[in-house]
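K.L.:
Before we start, here is the structure in question, set down as structure tokens.
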Amino acid sequence: MGAVHKEHPVFKQLSEYAEFYKDLATSVMGWVTQGTMGSVLNIDTYVYSSMQGTLDSIKDILIKGRINDSYALLRKYHDSVIINVYSTLYLEDNFSFENFVVEKINDWLHGKEQLPEYRIMSDYIRKSEKLADINALLYKDNTYKEIRDRCNDHTHYNFYHNLLLNDNELYIKNRFGILNRFSKDLENLFILHLSHLFYINDKYMMSSDYIDSMDLGLTPEEGSQYFVAPFIQEIFDKVIKKNRMDLAIAIKNNTAMKLE
């Protein structure tokens, strides 16, 4: 592989996204997951650390020029995005004091039941009235269907040329362009996840200022419960606002958090 390939921006992108999930896993650790039992930490902590691992694996494989395998892992990342959004939304829809344990998610957590297949979870998300405004923007075209189709083509060798992209010694004229496509697909899936996550669970954007003051026995600064963690604001500016201002506006309009 030439220097042009290894210097492609996708590698920095993968590192930045992985670091974001690492920070997010730590940041949400203290939030209790309502509707489940037997978990001391927020169940999303390990979801996000797993997603960090998947992105690290994609980088390791992609840097060796195995684009085909990287797309198969991108499909896995897409799955984890849908699983996280579905489980978060399902818990919010079904948890109450009359239904203190949401069995479908609790049984999945404890290895007693599988979650529904991808299409069922995706359909549940798309039909959610709570997400109607953000979904109208995310699914205004076929972007996510096309990404899923590309991932499936690589995973299942639907076309011979997908197979060729796992040979890092084979000359492929448009290899750099294919990496550009991969980078954009990754970015769009990242935006899909963050848009749903911040829209459903805006408390996950919260900085530690309020809790840190309480832990020290100090009176928290007025309104500090609405402060946004710096790493959240940074990724919001760099990825969502830069690429999808329409989504950024929708998220800001749906939260009391002080997003800039």
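Chain labels A, B, ... are given in the sequence in which chains occur in the structure tokens; within each chain residues are numbered consecutively from 1, and ligands are likewise numbered from 1 in the order shown.
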Skip Leu163 in chain A itself and residues of its chain fewer than 6 positions away, then list as a list of chain:residue names all residues within 9 Å of it, counting only C-alpha atoms.

P.N.:
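Returned residues: A:Asn68, A:His154, A:Tyr157.
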
K.L.:
Sorted by chain and rising residue number, which residues of range 113-191 of chain A lie within 12 Å of range 234-241 of chain A, and what are their closest atom pairs and distances in Å to one decimal, counting only C-alpha atoms, as CSV?

P.N.:
residue,atom,partner,partner_atom,distance
A:Leu138,CA,A:Ile240,CA,11.8
A:Lys184,CA,A:Val239,CA,11.3
A:Leu186,CA,A:Val239,CA,11.4
A:Glu187,CA,A:Val239,CA,7.8
A:Asn188,CA,A:Val239,CA,9.4
A:Leu189,CA,A:Val239,CA,11.2
A:Phe190,CA,A:Val239,CA,8.6
A:Ile191,CA,A:Ile240,CA,6.3

K.L.:
Please produce an output containing N, CA and C atoms for each residue in the selection, written as a PDB file, in the first residue's frame.

P.N.:
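Saved result, again_32.pdb, follows:
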ATOM      1  N   LEU A 138     -33.405  12.611   8.909  1.00  0.00           N
ATOM      2  CA  LEU A 138     -32.427  11.540   8.691  1.00  0.00           C
ATOM      3  C   LEU A 138     -32.782  10.666   7.497  1.00  0.00           C
ATOM      4  N   LYS A 184     -17.274   8.587   4.191  1.00  0.00           N
ATOM      5  CA  LYS A 184     -18.579   9.261   4.220  1.00  0.00           C
ATOM      6  C   LYS A 184     -19.650   8.356   4.811  1.00  0.00           C
ATOM      7  N   LEU A 186     -19.151   6.016   7.054  1.00  0.00           N
ATOM      8  CA  LEU A 186     -18.872   6.014   8.490  1.00  0.00           C
ATOM      9  C   LEU A 186     -19.406   7.278   9.150  1.00  0.00           C
ATOM     10  N   GLU A 187     -19.143   8.403   8.523  1.00  0.00           N
ATOM     11  CA  GLU A 187     -19.616   9.676   9.058  1.00  0.00           C
ATOM     12  C   GLU A 187     -21.143   9.713   9.169  1.00  0.00           C
ATOM     13  N   ASN A 188     -21.815   9.243   8.151  1.00  0.00           N
ATOM     14  CA  ASN A 188     -23.287   9.252   8.171  1.00  0.00           C
ATOM     15  C   ASN A 188     -23.849   8.343   9.253  1.00  0.00           C
ATOM     16  N   LEU A 189     -23.229   7.204   9.486  1.00  0.00           N
ATOM     17  CA  LEU A 189     -23.695   6.314  10.554  1.00  0.00           C
ATOM     18  C   LEU A 189     -23.437   6.931  11.920  1.00  0.00           C
ATOM     19  N   PHE A 190     -22.316   7.596  12.066  1.00  0.00           N
ATOM     20  CA  PHE A 190     -21.993   8.299  13.310  1.00  0.00           C
ATOM     21  C   PHE A 190     -23.021   9.396  13.573  1.00  0.00           C
ATOM     22  N   ILE A 191     -23.375  10.133  12.537  1.00  0.00           N
ATOM     23  CA  ILE A 191     -24.391  11.179  12.654  1.00  0.00           C
ATOM     24  C   ILE A 191     -25.748  10.580  13.008  1.00  0.00           C
TER      25      ILE A 191
END

K.L.:
Between A:Lys104, A:Asn254, A:Ile120, A:Lys64, single out the one closest to Glu169 in chain A, counting only C-alpha atoms.

P.N.:
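Nearest to Glu169 in chain A: A:Lys64.
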
K.L.:
Tell me which protein, DNA and RNA residues are within 12 Å of Gly53 in chain A, counting only C-alpha atoms, leaving out same-chain ones fewer than 2 positions away, and put them as a compact mmCIF listing (two decimals) with C-alpha atoms, in the first residue's frame.

P.N.:
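File written: around17.txt
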# COMPACT_ATOMS: atom_id res chain seq x y z
CA LEU A 14 -11.77 6.52 13.10
CA SER A 15 -9.46 7.49 15.97
CA TYR A 17 -14.84 8.60 16.78
CA ALA A 18 -13.35 5.83 18.91
CA GLU A 19 -12.06 8.38 21.42
CA PHE A 20 -15.52 9.95 21.55
CA TYR A 21 -17.12 6.63 22.47
CA LYS A 22 -14.45 6.06 25.11
CA ALA A 25 -18.74 5.42 28.08
CA TYR A 46 -20.35 -1.19 27.80
CA VAL A 47 -22.26 -0.61 24.58
CA TYR A 48 -20.13 2.46 23.90
CA SER A 49 -16.86 0.81 24.90
CA SER A 50 -17.78 -2.04 22.52
CA MET A 51 -18.43 0.46 19.74
CA LEU A 55 -13.94 1.33 15.36
CA ASP A 56 -10.44 0.43 16.58
CA SER A 57 -10.75 -2.92 14.78
CA ILE A 58 -11.89 -1.20 11.57
CA LYS A 59 -8.82 1.04 11.72
CA ASP A 60 -6.48 -1.91 12.30
CA LEU A 73 -17.24 -4.41 10.40
CA LEU A 74 -18.95 -1.17 9.39
CA LYS A 76 -21.51 -4.45 12.65
CA TYR A 77 -21.13 -0.83 13.76
CA SER A 80 -24.73 -1.59 17.25

K.L.:
Write out as a list in words each polymer residue whose atoms come within 12 Å of Asp246 in chain A, counting only C-alpha atoms; drop sequence neighbours fewer than 5 positions from it.

P.N.:
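Once the adjacent positions are removed, what remains is Asp133, Ile134, Asn135, Ala136, Leu137, Leu138, Lys140, Ile191, Ser195, Ile240, Lys241, Ile251, Lys252 and Asn253 of chain A.
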
K.L.:
Restricting it to N, CA and C atoms, dump the selection as a PDB file, in the first residue's frame.

P.N.:
ATOM      1  N   ASP A 133     -39.753  14.037  14.096  1.00  0.00           N
ATOM      2  CA  ASP A 133     -39.102  15.211  13.495  1.00  0.00           C
ATOM      3  C   ASP A 133     -37.679  14.911  13.047  1.00  0.00           C
ATOM      4  N   ILE A 134     -36.927  14.225  13.898  1.00  0.00           N
ATOM      5  CA  ILE A 134     -35.532  13.925  13.554  1.00  0.00           C
ATOM      6  C   ILE A 134     -35.459  12.856  12.461  1.00  0.00           C
ATOM      7  N   ASN A 135     -36.394  11.899  12.493  1.00  0.00           N
ATOM      8  CA  ASN A 135     -36.419  10.861  11.458  1.00  0.00           C
ATOM      9  C   ASN A 135     -36.752  11.439  10.085  1.00  0.00           C
ATOM     10  N   ALA A 136     -37.604  12.453  10.056  1.00  0.00           N
ATOM     11  CA  ALA A 136     -37.955  13.081   8.778  1.00  0.00           C
ATOM     12  C   ALA A 136     -36.723  13.669   8.105  1.00  0.00           C
ATOM     13  N   LEU A 137     -35.771  14.117   8.906  1.00  0.00           N
ATOM     14  CA  LEU A 137     -34.536  14.678   8.366  1.00  0.00           C
ATOM     15  C   LEU A 137     -33.525  13.585   8.025  1.00  0.00           C
ATOM     16  N   LEU A 138     -33.405  12.611   8.909  1.00  0.00           N
ATOM     17  CA  LEU A 138     -32.427  11.540   8.691  1.00  0.00           C
ATOM     18  C   LEU A 138     -32.782  10.666   7.497  1.00  0.00           C
ATOM     19  N   LYS A 140     -34.780  11.413   4.838  1.00  0.00           N
ATOM     20  CA  LYS A 140     -35.398  12.180   3.751  1.00  0.00           C
ATOM     21  C   LYS A 140     -34.981  11.655   2.371  1.00  0.00           C
ATOM     22  N   ILE A 191     -23.375  10.133  12.537  1.00  0.00           N
ATOM     23  CA  ILE A 191     -24.391  11.179  12.654  1.00  0.00           C
ATOM     24  C   ILE A 191     -25.748  10.580  13.008  1.00  0.00           C
ATOM     25  N   SER A 195     -27.451  11.756  16.471  1.00  0.00           N
ATOM     26  CA  SER A 195     -28.703  12.500  16.324  1.00  0.00           C
ATOM     27  C   SER A 195     -29.806  11.851  17.141  1.00  0.00           C
ATOM     28  N   ILE A 240     -21.780  17.153  13.397  1.00  0.00           N
ATOM     29  CA  ILE A 240     -23.196  17.382  13.086  1.00  0.00           C
ATOM     30  C   ILE A 240     -23.422  18.769  12.487  1.00  0.00           C
ATOM     31  N   LYS A 241     -22.966  19.822  13.172  1.00  0.00           N
ATOM     32  CA  LYS A 241     -23.190  21.170  12.650  1.00  0.00           C
ATOM     33  C   LYS A 241     -22.496  21.379  11.304  1.00  0.00           C
ATOM     34  N   ILE A 251     -31.999  19.127  17.043  1.00  0.00           N
ATOM     35  CA  ILE A 251     -31.534  18.648  18.353  1.00  0.00           C
ATOM     36  C   ILE A 251     -31.555  19.785  19.369  1.00  0.00           C
ATOM     37  N   LYS A 252     -31.051  20.948  18.979  1.00  0.00           N
ATOM     38  CA  LYS A 252     -31.028  22.101  19.884  1.00  0.00           C
ATOM     39  C   LYS A 252     -32.440  22.544  20.271  1.00  0.00           C
ATOM     40  N   ASN A 253     -33.373  22.428  19.348  1.00  0.00           N
ATOM     41  CA  ASN A 253     -34.760  22.836  19.615  1.00  0.00           C
ATOM     42  C   ASN A 253     -35.503  21.855  20.514  1.00  0.00           C
TER      43      ASN A 253
END

K.L.:
Do a neighbour search on Met205 in chain A at 10 Å with only C-alpha atoms, toss out local chain neighbours closer than 3 positions, and write the hits as an MDAnalysis selection string.

P.N.:
chainID A and resid 24 27:28 197:198 201:202 208 226:233 257:259

K.L.:
How many Å separate CA of Asp185 in chain A from CA of Ile147 in chain A?

P.N.:
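Between these atoms lies a distance of 6.2 Å.
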
K.L.:
Write out as a list in words the residues lying within 9 Å of Arg148 in chain A, counting only C-alpha atoms and excluding same-chain residues fewer than 4 positions away.

P.N.:
Arg75, His78, Thr143, Tyr144, Asn152 and Asp153 of chain A

K.L.:
Write the residues you've just listed into a file as a PDB file, in the first residue's frame, and include N, CA and C atoms for each of them.

P.N.:
ATOM      1  N   ARG A  75     -20.765  -2.698   8.927  1.00  0.00           N
ATOM      2  CA  ARG A  75     -22.120  -3.247   9.087  1.00  0.00           C
ATOM      3  C   ARG A  75     -22.378  -3.582  10.553  1.00  0.00           C
ATOM      4  N   HIS A  78     -23.059  -0.429  12.338  1.00  0.00           N
ATOM      5  CA  HIS A  78     -24.436  -0.013  12.046  1.00  0.00           C
ATOM      6  C   HIS A  78     -25.412  -0.792  12.926  1.00  0.00           C
ATOM      7  N   THR A 143     -30.067   7.519   1.762  1.00  0.00           N
ATOM      8  CA  THR A 143     -28.676   7.427   2.237  1.00  0.00           C
ATOM      9  C   THR A 143     -28.420   6.177   3.061  1.00  0.00           C
ATOM     10  N   TYR A 144     -29.263   5.929   4.055  1.00  0.00           N
ATOM     11  CA  TYR A 144     -28.989   4.822   4.980  1.00  0.00           C
ATOM     12  C   TYR A 144     -29.317   3.463   4.373  1.00  0.00           C
ATOM     13  N   ASN A 152     -23.801  -4.840   3.121  1.00  0.00           N
ATOM     14  CA  ASN A 152     -24.231  -6.215   2.837  1.00  0.00           C
ATOM     15  C   ASN A 152     -23.519  -6.781   1.616  1.00  0.00           C
ATOM     16  N   ASP A 153     -23.306  -5.950   0.599  1.00  0.00           N
ATOM     17  CA  ASP A 153     -22.603  -6.409  -0.601  1.00  0.00           C
ATOM     18  C   ASP A 153     -21.201  -6.891  -0.254  1.00  0.00           C
TER      19      ASP A 153
END

K.L.:
Using backbone DSSP assignments, extract all alpha helix (DSSP H) residues from range 63-164 of chain A; output them as a PyMOL selection string.

P.N.:
chain A and resi 67-94+103-109+118-126+132-138+143-155+160-164

K.L.:
Could the residues in this selection be written to a file with C-alpha atoms, as a compact mmCIF listing (two decimals), in the first residue's frame?

P.N.:
# COMPACT_ATOMS: atom_id res chain seq x y z
CA ILE A 67 -11.43 -2.62 2.58
CA ASN A 68 -13.84 -5.51 2.11
CA ASP A 69 -13.42 -6.72 5.70
CA SER A 70 -13.67 -3.15 6.94
CA TYR A 71 -17.09 -2.79 5.34
CA ALA A 72 -18.20 -5.99 7.07
CA LEU A 73 -17.24 -4.41 10.40
CA LEU A 74 -18.95 -1.17 9.39
CA ARG A 75 -22.12 -3.25 9.09
CA LYS A 76 -21.51 -4.45 12.65
CA TYR A 77 -21.13 -0.83 13.76
CA HIS A 78 -24.44 -0.01 12.05
CA ASP A 79 -26.04 -2.91 13.93
CA SER A 80 -24.73 -1.59 17.25
CA VAL A 81 -26.10 1.88 16.48
CA ILE A 82 -29.58 0.47 15.83
CA ILE A 83 -29.40 -1.77 18.92
CA ASN A 84 -28.45 1.14 21.15
CA VAL A 85 -31.14 3.44 19.79
CA TYR A 86 -33.77 0.69 19.90
CA SER A 87 -33.00 -0.39 23.47
CA THR A 88 -32.92 3.22 24.70
CA LEU A 89 -36.19 4.05 22.97
CA TYR A 90 -37.90 0.81 24.01
CA LEU A 91 -36.99 1.37 27.66
CA GLU A 92 -38.30 4.92 27.52
CA ASP A 93 -41.54 3.78 25.87
CA ASN A 94 -42.22 0.95 28.30
CA GLU A 103 -38.59 -7.68 30.32
CA LYS A 104 -37.53 -7.55 26.66
CA ILE A 105 -34.45 -5.43 27.40
CA ASN A 106 -33.80 -6.94 30.83
CA ASP A 107 -33.85 -10.48 29.41
CA TRP A 108 -31.45 -9.42 26.63
CA LEU A 109 -29.16 -7.91 29.24
CA TYR A 118 -32.33 -5.63 12.57
CA ARG A 119 -35.30 -4.81 10.35
CA ILE A 120 -37.79 -4.98 13.22
CA MET A 121 -35.66 -2.73 15.43
CA SER A 122 -35.06 -0.28 12.58
CA ASP A 123 -38.76 -0.18 11.79
CA TYR A 124 -39.60 0.47 15.46
CA ILE A 125 -37.23 3.45 15.46
CA ARG A 126 -38.56 4.86 12.20
CA ALA A 132 -40.80 11.84 14.02
CA ASP A 133 -39.10 15.21 13.50
CA ILE A 134 -35.53 13.92 13.55
CA ASN A 135 -36.42 10.86 11.46
CA ALA A 136 -37.95 13.08 8.78
CA LEU A 137 -34.54 14.68 8.37
CA LEU A 138 -32.43 11.54 8.69
CA THR A 143 -28.68 7.43 2.24
CA TYR A 144 -28.99 4.82 4.98
CA LYS A 145 -30.52 2.17 2.75
CA GLU A 146 -27.61 2.62 0.33
CA ILE A 147 -25.07 2.34 3.15
CA ARG A 148 -26.71 -0.85 4.41
CA ASP A 149 -26.74 -2.27 0.88
CA ARG A 150 -23.04 -1.49 0.44
CA CYS A 151 -22.20 -3.13 3.76
CA ASN A 152 -24.23 -6.22 2.84
CA ASP A 153 -22.60 -6.41 -0.60
CA HIS A 154 -19.19 -6.57 1.05
CA THR A 155 -20.24 -8.91 3.85
CA TYR A 160 -16.88 -10.03 -7.40
CA HIS A 161 -15.27 -6.58 -7.17
CA ASN A 162 -16.10 -6.47 -3.42
CA LEU A 163 -13.93 -9.52 -2.95
CA LEU A 164 -11.04 -7.87 -4.80

K.L.:
Would you compute the distance between CA of Gln34 in chain A and CA of Ser96 in chain A? Give it in Å to one decimal.

P.N.:
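Distance between the two atoms: 8.8 Å.
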
K.L.:
Could you check how far CA of Phe95 in chain A sits from CA of Thr36 in chain A, in Å to one decimal?

P.N.:
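Computed distance, CA of Phe95 in chain A to CA of Thr36 in chain A, equals 9.2 Å.
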
K.L.:
I'd like to know which of A:Val102, A:Leu179, A:Gly30, A:Asp167 is closest to Pro9 in chain A, using only C-alpha atoms.

P.N.:
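That would be A:Leu179, the residue with the smallest distance to Pro9 in chain A.
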